[in-house]
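K.L.:
Structure file query.cif (mmCIF, C-alpha atoms) right here:
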data_protein
#
loop_
_atom_site.label_atom_id
_atom_site.label_comp_id
_atom_site.auth_asym_id
_atom_site.auth_seq_id
_atom_site.Cartn_x
_atom_site.Cartn_y
_atom_site.Cartn_z
CA MET A 1 -10.39 6.92 2.40
CA LEU A 2 -7.29 8.92 3.21
CA ASP A 3 -7.34 11.86 5.63
CA THR A 4 -5.00 14.72 4.80
CA LYS A 5 -2.92 15.55 7.86
CA ASN A 6 -3.30 19.21 8.70
CA THR A 7 -0.51 21.67 9.20
CA LYS A 8 -0.69 24.97 11.01
CA SER A 9 1.58 27.99 10.81
CA ILE A 10 2.42 30.59 13.44
CA GLN A 11 4.44 33.68 12.56
CA SER A 12 6.38 35.75 15.07
CA THR A 13 8.68 38.73 14.81
CA ILE A 14 11.78 38.22 16.94
CA LYS A 15 15.42 38.98 17.23
CA ASN A 16 17.94 36.53 15.81
CA SER A 17 19.28 35.76 19.28
CA MET A 18 15.92 34.31 20.36
CA ILE A 19 16.04 31.48 17.79
CA GLY A 20 17.34 28.10 18.85
CA ASP A 21 20.18 26.59 16.89
CA ALA A 22 19.41 23.94 14.30
CA VAL A 23 21.07 20.63 15.17
CA ILE A 24 22.28 18.42 12.35
CA VAL A 25 21.39 14.79 13.13
CA GLU A 26 22.82 11.61 11.68
CA SER A 27 20.75 10.10 8.90
CA VAL A 28 19.31 6.65 9.52
CA SER A 29 17.13 6.71 6.40
CA TYR A 30 19.65 6.69 3.57
CA ASP A 31 18.19 3.42 2.23
CA ARG A 32 14.58 4.65 2.24
CA TYR A 33 13.02 5.33 -1.14
CA ALA A 34 11.35 8.72 -0.62
CA TYR A 35 14.41 10.03 1.23
CA GLN A 36 16.58 9.24 -1.78
CA GLN A 37 14.40 11.42 -4.03
CA LEU A 38 14.87 14.60 -1.96
CA SER A 39 17.22 17.54 -2.41
CA GLU A 40 20.09 17.93 0.07
CA ALA A 41 18.19 20.62 1.98
CA GLU A 42 15.13 18.38 2.17
CA LYS A 43 17.20 15.43 3.36
CA LEU A 44 18.65 17.49 6.23
CA THR A 45 15.15 18.57 7.21
CA TYR A 46 13.80 15.02 6.86
CA ASP A 47 16.48 13.73 9.25
CA GLN A 48 15.63 16.45 11.79
CA VAL A 49 11.88 15.80 11.53
CA TYR A 50 12.27 12.03 11.89
CA ASP A 51 14.62 12.40 14.85
CA CYS A 52 12.18 14.80 16.50
CA ILE A 53 9.18 12.49 16.08
CA THR A 54 10.92 9.28 17.16
CA ASN A 55 12.42 10.93 20.23
CA PHE A 56 9.18 12.66 21.22
CA LYS A 57 10.67 16.15 21.18
CA ASN A 58 8.21 19.03 21.55
CA ARG A 59 9.76 21.22 18.86
CA ILE A 60 13.01 21.78 17.00
CA THR A 61 14.65 24.51 14.98
CA LEU A 62 15.18 23.38 11.39
CA SER A 63 18.13 23.94 9.10
CA THR A 64 15.78 25.25 6.43
CA LYS A 65 13.77 28.46 6.52
CA ASP A 66 11.54 27.29 3.67
CA LYS A 67 8.14 25.84 4.66
CA ASP A 68 7.91 24.02 1.32
CA VAL A 69 11.14 22.17 2.06
CA LEU A 70 9.61 21.15 5.39
CA ALA A 71 6.37 20.01 3.70
CA ASN A 72 8.26 17.81 1.24
CA ALA A 73 10.48 16.39 3.96
CA TYR A 74 7.55 15.58 6.26
CA GLU A 75 5.64 13.91 3.43
CA ALA A 76 8.68 11.76 2.65
CA VAL A 77 9.05 10.73 6.30
CA MET A 78 5.44 9.59 6.41
CA ALA A 79 5.90 7.73 3.11
CA ASP A 80 9.05 5.97 4.29
CA TYR A 81 7.76 5.01 7.76
CA GLY A 82 4.35 3.44 8.29
CA ASN A 83 4.90 2.81 11.99
CA LEU A 84 4.57 6.40 13.31
CA PHE A 85 1.11 5.88 14.76
CA TRP A 86 1.57 8.49 17.51
CA ILE A 87 1.92 11.47 15.15
CA ASN A 88 -1.00 13.33 13.61
CA GLY A 89 0.39 16.21 11.58
CA TYR A 90 2.45 19.21 12.63
CA GLN A 91 2.60 22.95 12.87
CA TYR A 92 5.47 25.16 11.86
CA ASN A 93 6.49 28.39 13.51
CA THR A 94 8.03 31.03 11.26
CA TYR A 95 10.18 33.72 12.87
CA THR A 96 10.97 36.95 11.07
CA ASN A 97 13.11 40.00 11.63
CA ASN A 98 12.49 43.12 9.51
CA ASN A 99 10.19 41.03 7.27
CA LYS A 100 12.94 38.50 6.65
CA VAL A 101 12.51 34.86 7.71
CA VAL A 102 15.23 34.10 10.23
CA GLY A 103 14.03 30.77 11.61
CA LEU A 104 11.62 27.89 11.15
CA GLU A 105 10.48 25.56 13.90
CA PHE A 106 8.89 22.16 13.51
CA GLU A 107 6.32 21.22 16.16
CA PRO A 108 4.79 17.72 15.89
CA LYS A 109 1.18 17.02 16.86
CA TYR A 110 1.31 13.94 19.06
CA SER A 111 -1.89 11.96 19.55
CA MET A 112 -0.65 10.33 22.77
CA THR A 113 2.10 10.43 25.37
CA GLU A 114 5.35 8.54 24.96
CA GLU A 115 4.27 6.15 27.71
CA GLN A 116 1.01 5.41 25.90
CA LYS A 117 2.95 4.89 22.69
CA ASP A 118 5.14 2.28 24.35
CA VAL A 119 2.10 0.38 25.64
CA TYR A 120 0.49 0.35 22.18
CA GLN A 121 3.78 -0.70 20.58
CA ALA A 122 3.98 -3.75 22.82
CA LYS A 123 0.44 -4.74 21.81
CA ILE A 124 1.28 -4.27 18.12
CA ASP A 125 4.44 -6.35 18.45
CA ALA A 126 2.50 -9.26 19.97
CA VAL A 127 -0.06 -9.29 17.15
CA VAL A 128 2.58 -8.92 14.44
CA GLU A 129 4.63 -11.78 15.86
CA ASP A 130 1.56 -14.01 15.72
CA TRP A 131 0.54 -12.93 12.21
CA LEU A 132 4.02 -13.45 10.79
CA SER A 133 4.51 -16.85 12.42
CA GLY A 134 3.32 -18.53 9.23
CA ILE A 135 6.03 -17.19 6.94
CA SER A 136 9.73 -17.97 7.02
CA GLU A 137 12.36 -15.25 6.95
CA SER A 138 14.06 -17.29 4.21
CA ALA A 139 10.97 -17.22 1.97
CA SER A 140 11.20 -15.45 -1.38
CA ASP A 141 10.24 -11.81 -1.75
CA TYR A 142 7.20 -12.87 -3.76
CA ASP A 143 6.03 -15.32 -1.09
CA LYS A 144 6.48 -12.73 1.65
CA ALA A 145 4.48 -10.14 -0.28
CA LEU A 146 1.75 -12.68 -1.08
CA TYR A 147 1.57 -13.71 2.57
CA VAL A 148 1.20 -10.11 3.77
CA PHE A 149 -1.40 -9.38 1.08
CA GLU A 150 -3.53 -12.40 1.98
CA THR A 151 -3.09 -11.99 5.74
CA LEU A 152 -4.29 -8.40 5.79
CA ILE A 153 -7.28 -9.12 3.56
CA ASN A 154 -8.29 -12.22 5.54
CA LYS A 155 -7.85 -10.65 8.97
CA VAL A 156 -8.79 -6.97 8.53
CA GLU A 157 -12.09 -5.62 7.24
CA TYR A 158 -12.50 -2.35 5.36
CA ASN A 159 -14.60 0.00 7.49
CA LYS A 160 -14.80 3.76 7.10
CA ASP A 161 -15.93 4.08 10.73
CA SER A 162 -13.07 2.08 12.24
CA GLU A 163 -11.08 3.47 15.16
CA GLU A 164 -7.64 4.97 14.51
CA ASN A 165 -8.11 4.23 10.80
CA GLN A 166 -5.30 6.55 9.68
CA ASN A 167 -2.58 4.40 11.25
CA ILE A 168 -1.62 0.83 12.10
CA LEU A 169 -3.49 0.74 15.42
CA SER A 170 -6.72 0.16 13.50
CA VAL A 171 -5.20 -2.87 11.79
CA PHE A 172 -3.36 -4.63 14.58
CA LEU A 173 -5.60 -3.71 17.53
CA TYR A 174 -9.05 -3.50 15.97
CA GLN A 175 -8.74 -5.47 12.67
CA SER A 176 -10.76 -2.77 10.92
CA THR A 177 -9.37 0.05 8.81
CA VAL A 178 -9.33 2.09 5.58
CA CYS A 179 -6.73 2.54 2.86
CA GLN A 180 -4.22 4.50 4.98
CA GLY A 181 -4.26 1.83 7.68
CA TYR A 182 -3.80 -0.93 5.12
CA ALA A 183 -0.89 0.89 3.44
CA ASP A 184 0.84 1.56 6.77
CA ALA A 185 0.33 -2.07 7.81
CA VAL A 186 1.78 -3.36 4.52
CA TRP A 187 4.82 -1.19 5.19
CA TYR A 188 5.12 -2.48 8.75
CA LEU A 189 4.76 -6.19 7.99
CA LEU A 190 7.05 -6.10 4.96
CA ASP A 191 9.62 -4.13 6.95
CA GLN A 192 9.61 -6.88 9.60
CA LEU A 193 10.29 -9.36 6.78
CA GLY A 194 13.20 -7.34 5.39
CA ILE A 195 11.38 -5.95 2.34
CA LYS A 196 11.41 -2.24 1.57
CA SER A 197 8.18 -0.48 0.69
CA THR A 198 6.95 3.10 0.43
CA ILE A 199 3.50 4.56 1.09
CA ILE A 200 2.09 6.27 -1.98
CA THR A 201 -0.72 8.82 -1.83
CA GLY A 202 -3.08 9.86 -4.58
CA THR A 203 -6.58 9.17 -5.81
CA ALA A 204 -8.44 6.10 -7.04
CA ASN A 205 -11.63 6.64 -8.98
CA ASN A 206 -11.31 10.31 -7.95
CA GLU A 207 -11.28 9.57 -4.20
CA SER A 208 -8.32 10.14 -1.88
CA HIS A 209 -6.36 6.93 -1.54
CA ALA A 210 -3.14 5.34 -0.29
CA TRP A 211 -1.29 2.22 -1.39
CA ASN A 212 2.29 0.90 -1.57
CA LEU A 213 5.33 0.85 -3.79
CA VAL A 214 7.17 -2.40 -3.03
CA TYR A 215 10.60 -3.70 -4.04
CA LEU A 216 10.48 -7.42 -4.81
CA ASP A 217 13.22 -9.51 -6.41
CA ASP A 218 15.14 -6.48 -7.71
CA ALA A 219 12.12 -4.75 -9.28
CA TYR A 220 9.50 -2.21 -8.21
CA TYR A 221 5.77 -2.97 -8.14
CA TYR A 222 2.63 -1.35 -6.78
CA MET A 223 0.50 -3.15 -4.18
CA ASP A 224 -2.99 -2.09 -3.14
CA VAL A 225 -4.46 -4.21 -0.35
CA THR A 226 -7.59 -2.05 -0.14
CA TRP A 227 -8.56 -2.86 -3.72
CA GLY A 228 -7.39 -6.43 -3.26
CA ASN A 229 -10.06 -6.77 -0.56
CA SER A 230 -12.86 -7.27 -3.05
CA LYS A 231 -16.63 -7.75 -2.82
CA TYR A 232 -18.94 -9.29 -5.40
CA LEU A 233 -22.51 -10.54 -5.76
CA ASP A 234 -22.53 -14.34 -5.78
CA SER A 235 -24.97 -16.58 -7.66
CA ASN A 236 -27.51 -16.07 -4.86
CA ASN A 237 -27.16 -12.28 -5.09
CA ASP A 238 -25.45 -12.22 -1.68
CA THR A 239 -22.43 -10.00 -1.12
CA SER A 240 -19.32 -12.10 -0.65
CA GLY A 241 -15.69 -11.24 -0.08
CA ARG A 242 -12.77 -12.49 -2.13
CA ILE A 243 -9.12 -11.68 -2.71
CA ASN A 244 -8.44 -9.85 -5.97
CA TYR A 245 -4.85 -10.80 -6.75
CA ALA A 246 -4.67 -8.30 -9.60
CA TYR A 247 -3.59 -5.72 -7.00
CA LEU A 248 -0.74 -7.72 -5.48
CA ALA A 249 2.15 -6.64 -7.73
CA MET A 250 1.22 -4.19 -10.46
CA THR A 251 3.06 -2.32 -13.17
CA THR A 252 2.79 1.43 -13.66
CA GLU A 253 0.56 0.82 -16.68
CA GLU A 254 -1.79 -1.37 -14.64
CA ILE A 255 -2.07 0.90 -11.59
CA SER A 256 -2.55 3.98 -13.79
CA GLN A 257 -5.82 2.67 -15.18
CA ASN A 258 -7.68 3.77 -12.06
CA HIS A 259 -5.10 5.32 -9.70
CA VAL A 260 -3.46 8.76 -9.90
CA ILE A 261 -0.31 9.43 -7.86
CA THR A 262 -0.07 12.80 -6.10
CA SER A 263 3.01 12.13 -3.93
CA SER A 264 5.42 15.02 -4.40
CA PHE A 265 8.51 12.81 -4.72
CA GLU A 266 9.40 11.07 -7.97
CA VAL A 267 8.27 7.46 -8.37
CA PRO A 268 9.90 4.79 -10.54
CA GLU A 269 8.49 3.29 -13.70
CA CYS A 270 7.34 -0.19 -12.72
CA LEU A 271 7.81 -2.37 -15.79
CA SER A 272 8.38 -5.94 -14.59
CA ASN A 273 5.57 -8.47 -14.32
CA ALA A 274 7.75 -11.33 -13.06
CA ASP A 275 6.15 -11.18 -9.59
CA ASN A 276 2.65 -10.57 -10.89
CA TYR A 277 0.46 -13.17 -9.17
CA TYR A 278 -0.93 -14.64 -12.38
CA VAL A 279 2.46 -14.78 -14.09
CA HIS A 280 4.08 -16.33 -11.04
CA GLU A 281 1.32 -18.92 -10.57
CA GLY A 282 1.09 -19.93 -14.25
CA LEU A 283 -2.32 -18.28 -14.71
CA TYR A 284 -1.27 -15.69 -17.30
CA TYR A 285 -1.84 -15.99 -21.05
CA ASP A 286 -0.51 -13.82 -23.86
CA TRP A 287 -1.77 -16.14 -26.62
CA PHE A 288 -5.09 -17.77 -27.53
CA GLY A 289 -4.11 -21.24 -26.38
CA VAL A 290 -7.53 -22.87 -26.28
CA ASP A 291 -6.36 -26.30 -25.12
CA SER A 292 -3.96 -24.88 -22.56
CA ILE A 293 -6.65 -22.63 -21.10
CA GLY A 294 -9.21 -25.42 -21.20
CA GLN A 295 -6.89 -27.87 -19.44
CA LYS A 296 -6.15 -25.25 -16.76
CA LEU A 297 -9.89 -24.87 -16.16
CA ASN A 298 -10.31 -28.65 -16.10
CA GLN A 299 -7.55 -29.13 -13.53
CA SER A 300 -9.14 -26.58 -11.21
CA TYR A 301 -12.63 -28.01 -11.68
CA MET A 302 -11.60 -31.63 -11.14
CA SER A 303 -9.48 -30.70 -8.11
CA GLY A 304 -12.53 -29.30 -6.33
CA ASP A 305 -11.22 -25.74 -6.14
CA ASP A 306 -13.64 -23.00 -5.16
CA GLU A 307 -12.53 -20.85 -8.07
CA ILE A 308 -9.84 -20.12 -10.63
CA SER A 309 -8.72 -16.77 -12.03
CA LEU A 310 -6.90 -16.30 -15.33
CA LYS A 311 -5.31 -13.10 -16.57
CA PHE A 312 -4.83 -12.14 -20.22
CA SER A 313 -2.28 -9.79 -21.68
CA ASN A 314 -4.67 -7.55 -23.62
CA THR A 315 -8.32 -6.71 -24.11
CA ASP A 316 -8.67 -8.47 -27.49
CA LEU A 317 -7.40 -11.78 -26.13
CA TYR A 318 -9.54 -11.39 -23.02
CA SER A 319 -12.65 -10.83 -25.17
CA ARG A 320 -11.87 -13.82 -27.42
CA VAL A 321 -11.58 -16.13 -24.41
CA ILE A 322 -14.91 -14.90 -23.00
CA ALA A 323 -16.60 -15.43 -26.36
CA TYR A 324 -15.16 -18.93 -26.91
CA PHE A 325 -15.49 -20.46 -23.45
CA PHE A 326 -18.59 -18.74 -22.11
CA ASP A 327 -20.67 -17.19 -24.90
CA GLU A 328 -20.15 -20.24 -27.11
CA LYS A 329 -20.10 -22.54 -24.03
CA HIS A 330 -16.91 -24.40 -24.96
CA ILE A 331 -16.06 -24.58 -21.26
CA SER A 332 -18.26 -27.71 -21.21
CA ASP A 333 -15.76 -29.37 -23.57
CA TYR A 334 -13.19 -29.29 -20.77
CA CYS A 335 -15.41 -29.42 -17.68
CA PRO A 336 -17.91 -32.25 -18.32
CA ASP A 337 -21.12 -32.46 -16.31
CA LEU A 338 -20.84 -28.81 -15.34
CA PRO A 339 -24.52 -27.91 -14.84
CA SER A 340 -23.95 -24.15 -14.97
CA VAL A 341 -21.11 -21.67 -14.72
CA TYR A 342 -20.81 -18.50 -12.69
CA TYR A 343 -17.96 -16.19 -13.56
CA LEU A 344 -16.68 -12.72 -12.70
CA LEU A 345 -15.17 -10.33 -15.24
CA ASP A 346 -12.55 -7.72 -14.36
CA GLU A 347 -12.29 -5.65 -17.53
CA VAL A 348 -9.68 -3.30 -16.05
CA SER A 349 -7.23 -6.11 -15.29
CA ASN A 350 -8.35 -8.52 -18.06
CA VAL A 351 -9.01 -11.20 -15.45
CA ILE A 352 -11.69 -13.88 -15.63
CA THR A 353 -12.66 -15.70 -12.43
CA VAL A 354 -14.72 -18.88 -12.62
CA LYS A 355 -16.55 -19.78 -9.40
CA TRP A 356 -17.08 -23.54 -9.18
CA ASN A 357 -18.97 -23.47 -5.86
#
The structure in this file should be written as structure tokens.
P.N.:
Amino acid sequence: MLDTKNTKSIQSTIKNSMIGDAVIVESVSYDRYAYQQLSEAEKLTYDQVYDCITNFKNRITLSTKDKDVLANAYEAVMADYGNLFWINGYQYNTYTNNNKVVGLEFEPKYSMTEEQKDVYQAKIDAVVEDWLSGISESASDYDKALYVFETLINKVEYNKDSEENQNILSVFLYQSTVCQGYADAVWYLLDQLGIKSTIITGTANNESHAWNLVYLDDAYYYMDVTWGNSKYLDSNNDTSGRINYAYLAMTTEEISQNHVITSSFEVPECLSNADNYYVHEGLYYDWFGVDSIGQKLNQSYMSGDDEISLKFSNTDLYSRVIAYFFDEKHISDYCPDLPSVYYLLDEVSNVITVKWN
């Protein structure tokens, strides 16, 4: 669940001389995705807002007098930076003279003091250093993304009642969060590994949601750790957790099946599937290769794996494989002495998971 950060407006009638001067600050975000999608006026405001928040200023006068420019700039800042755990929305103060807007102030809502922020940051840094100790800085983009995806799912539970669940404190201090915390943590961990990502907001199955746009190996993908943290009923009707790799690196077509983007900035068309988990791991089929599929199942079964997941390029192929291997029981041709088979079907992603144990 994603909480919408509130804004508040205050309007005053003043003389021009009472307004502070807007200070143009140097941009440090020129390589951030959301920043690049803004107008020039929004970029100036973005830079001022980010400088204000990171330097713990109480309020600043903006270059713009348009509250919508401020709203777009603030949204972009929060999309480009998942580490701003000490900020919880803002208010803007509009100043008018003879019914004409003559100034706009930005006033952040801080959830803690700067000293408290520094203490929390040190705690975060210690956890992050430990969590990232298992991945090399020289690893491929795909391996880094996979490591972050698996680490967050294995270490952090989804819990609507978790503390500080709208920022990374919930993840790194309490190991319990919701979608916003996951998305911010993906941003933070990938940023430490030199990979750019952006926090995307929208809905999933008509509920408010947040996930990530990630840039891997010269292509954009969507990553949703929340949906990757999957639950299912096992053969004993007990609820068990598993990693759903379908949400590691998704195309626009795939994410659009159950996610709707509401971010105000433009997003790219994600077309590549080169870093899709199933493609990358040799578990993707775009043809009805019975022997190839059967041998893949056999290798997993004979190796003593807990499970194997296979992805198919379209619904027709997916349905044919289900009919041949499971309805007609041809899986026994490749996995001898298999007393029974328990499998999971993901019709949205065209993924079949066979649970051996």
K.L.:
Determine, counting all atoms listed in the file, which protein, DNA and RNA residues have an atom within 12 Å of an atom of A:Tyr324; residues of the same chain fewer than 6 positions away are not included. Present the result as JSON, numbers by chain.
P.N.:
{"A": [288, 289, 290, 291, 293, 294, 317, 318, 330, 331, 332, 333]}
K.L.:
Once the PyMOL selection byres ((chain A and resi 56-62) around 12) has been evaluated on this model, what residues remain selected, and can you format them as a PyMOL selection string?
P.N.:
chain A and resi 18-25+41-55+63-67+69-70+73+84+86-87+90-95+102-118
K.L.:
Using all atoms listed in the file, pick whichever of A:Ile168, A:Ala219, A:Ile261, A:Ile308 has the shortest atom-to-atom distance to A:Arg242.
P.N.:
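So, comparing all the options, the nearest one is A:Ile308.
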K.L.:
Skip A:Val148 itself and residues of its chain fewer than 6 positions away, then list as an mmCIF file with C-alpha atoms, in the coordinates of the input all residues within 12 Å of it, counting all atoms listed in the file.
P.N.:
data_model
loop_
_atom_site.group_PDB
_atom_site.id
_atom_site.type_symbol
_atom_site.label_atom_id
_atom_site.label_comp_id
_atom_site.auth_asym_id
_atom_site.auth_seq_id
_atom_site.Cartn_x
_atom_site.Cartn_y
_atom_site.Cartn_z
ATOM 1 C CA VAL A 128 2.580 -8.920 14.440
ATOM 2 C CA TRP A 131 0.540 -12.930 12.210
ATOM 3 C CA LEU A 132 4.020 -13.450 10.790
ATOM 4 C CA SER A 133 4.510 -16.850 12.420
ATOM 5 C CA GLY A 134 3.320 -18.530 9.230
ATOM 6 C CA ILE A 135 6.030 -17.190 6.940
ATOM 7 C CA ASP A 141 10.240 -11.810 -1.750
ATOM 8 C CA TYR A 142 7.200 -12.870 -3.760
ATOM 9 C CA ASN A 154 -8.290 -12.220 5.540
ATOM 10 C CA LYS A 155 -7.850 -10.650 8.970
ATOM 11 C CA VAL A 156 -8.790 -6.970 8.530
ATOM 12 C CA TYR A 182 -3.800 -0.930 5.120
ATOM 13 C CA ALA A 183 -0.890 0.890 3.440
ATOM 14 C CA ALA A 185 0.330 -2.070 7.810
ATOM 15 C CA VAL A 186 1.780 -3.360 4.520
ATOM 16 C CA TRP A 187 4.820 -1.190 5.190
ATOM 17 C CA TYR A 188 5.120 -2.480 8.750
ATOM 18 C CA LEU A 189 4.760 -6.190 7.990
ATOM 19 C CA LEU A 190 7.050 -6.100 4.960
ATOM 20 C CA ASP A 191 9.620 -4.130 6.950
ATOM 21 C CA GLN A 192 9.610 -6.880 9.600
ATOM 22 C CA LEU A 193 10.290 -9.360 6.780
ATOM 23 C CA ILE A 195 11.380 -5.950 2.340
ATOM 24 C CA VAL A 214 7.170 -2.400 -3.030
ATOM 25 C CA MET A 223 0.500 -3.150 -4.180
ATOM 26 C CA ASP A 224 -2.990 -2.090 -3.140
ATOM 27 C CA VAL A 225 -4.460 -4.210 -0.350
ATOM 28 C CA GLY A 228 -7.390 -6.430 -3.260
ATOM 29 C CA LEU A 248 -0.740 -7.720 -5.480
#
K.L.:
Evaluate the PyMOL selection byres ((chain A and resi 307) around 6) against this structure - the residues, as a list in words, please.
P.N.:
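Listing what the PyMOL selection byres ((chain A and resi 307) around 6) selects in the shown file: Asp305, Asp306, Ile308, Val354, Lys355 and Trp356 of chain A.
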K.L.:
Please evaluate the PyMOL selection byres ((chain A and resi 246) around 10) against the displayed coordinates and give the resulting residues as a list in words.
P.N.:
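On the file shown, the PyMOL selection byres ((chain A and resi 246) around 10) covers Met223, Asp224, Trp227, Gly228, Ile243, Asn244, Tyr245, Tyr247, Leu248, Ala249, Met250, Glu254, Ile255, Asn276, Tyr277, Tyr278, Ser309, Lys311, Asp346, Val348, Ser349, Asn350 and Val351 of chain A.
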K.L.:
Hey, can you check how far atom CA of A:Asp125 sits from atom CA of A:Tyr221?
P.N.:
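We find that atom CA of A:Asp125 and atom CA of A:Tyr221 lie 26.8 Å from each other.
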K.L.:
Which residue gives the smallest distance to A:Leu297 among A:Pro336, A:Gly202, A:Gly89, A:Gly241, with all atoms listed in the file counted?
P.N.:
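With all atoms listed in the file as the atom set, the closest residue is A:Pro336.
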K.L.:
Could you check the closest approach to A:Val267 for each of A:Asp31, A:Asp218, A:Thr201, A:Ser292 and tell me which residue wins, using only C-alpha atoms?
P.N.:
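Comparing A:Asp31, A:Asp218, A:Thr201, A:Ser292 against A:Val267, the winner is A:Thr201.
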K.L.:
Using only C-alpha atoms, find the one residue out of A:Met78, A:Leu146, A:Leu169, A:Ala323 that sits nearest to A:Tyr120.
P.N.:
A:Leu169
K.L.:
Find the residues near A:Leu271: any atom within 8 Å, counting all atoms listed in the file, skip ones fewer than 3 places away on the same chain, and give them as a list in words.
P.N.:
Tyr220, Tyr221, Thr251, Thr252 and Glu253 of chain A
K.L.:
Using C-alpha atoms, can you export the residues from the last selection as a compact mmCIF listing (two decimals), in the coordinates of the input?
P.N.:
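Here's the written file out_6.txt:
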# COMPACT_ATOMS: atom_id res chain seq x y z
CA TYR A 220 9.50 -2.21 -8.21
CA TYR A 221 5.77 -2.97 -8.14
CA THR A 251 3.06 -2.32 -13.17
CA THR A 252 2.79 1.43 -13.66
CA GLU A 253 0.56 0.82 -16.68
K.L.:
Atom CA of A:Ala139 and atom CA of A:Ala79, how far apart in Å?
P.N.:
25.5 Å
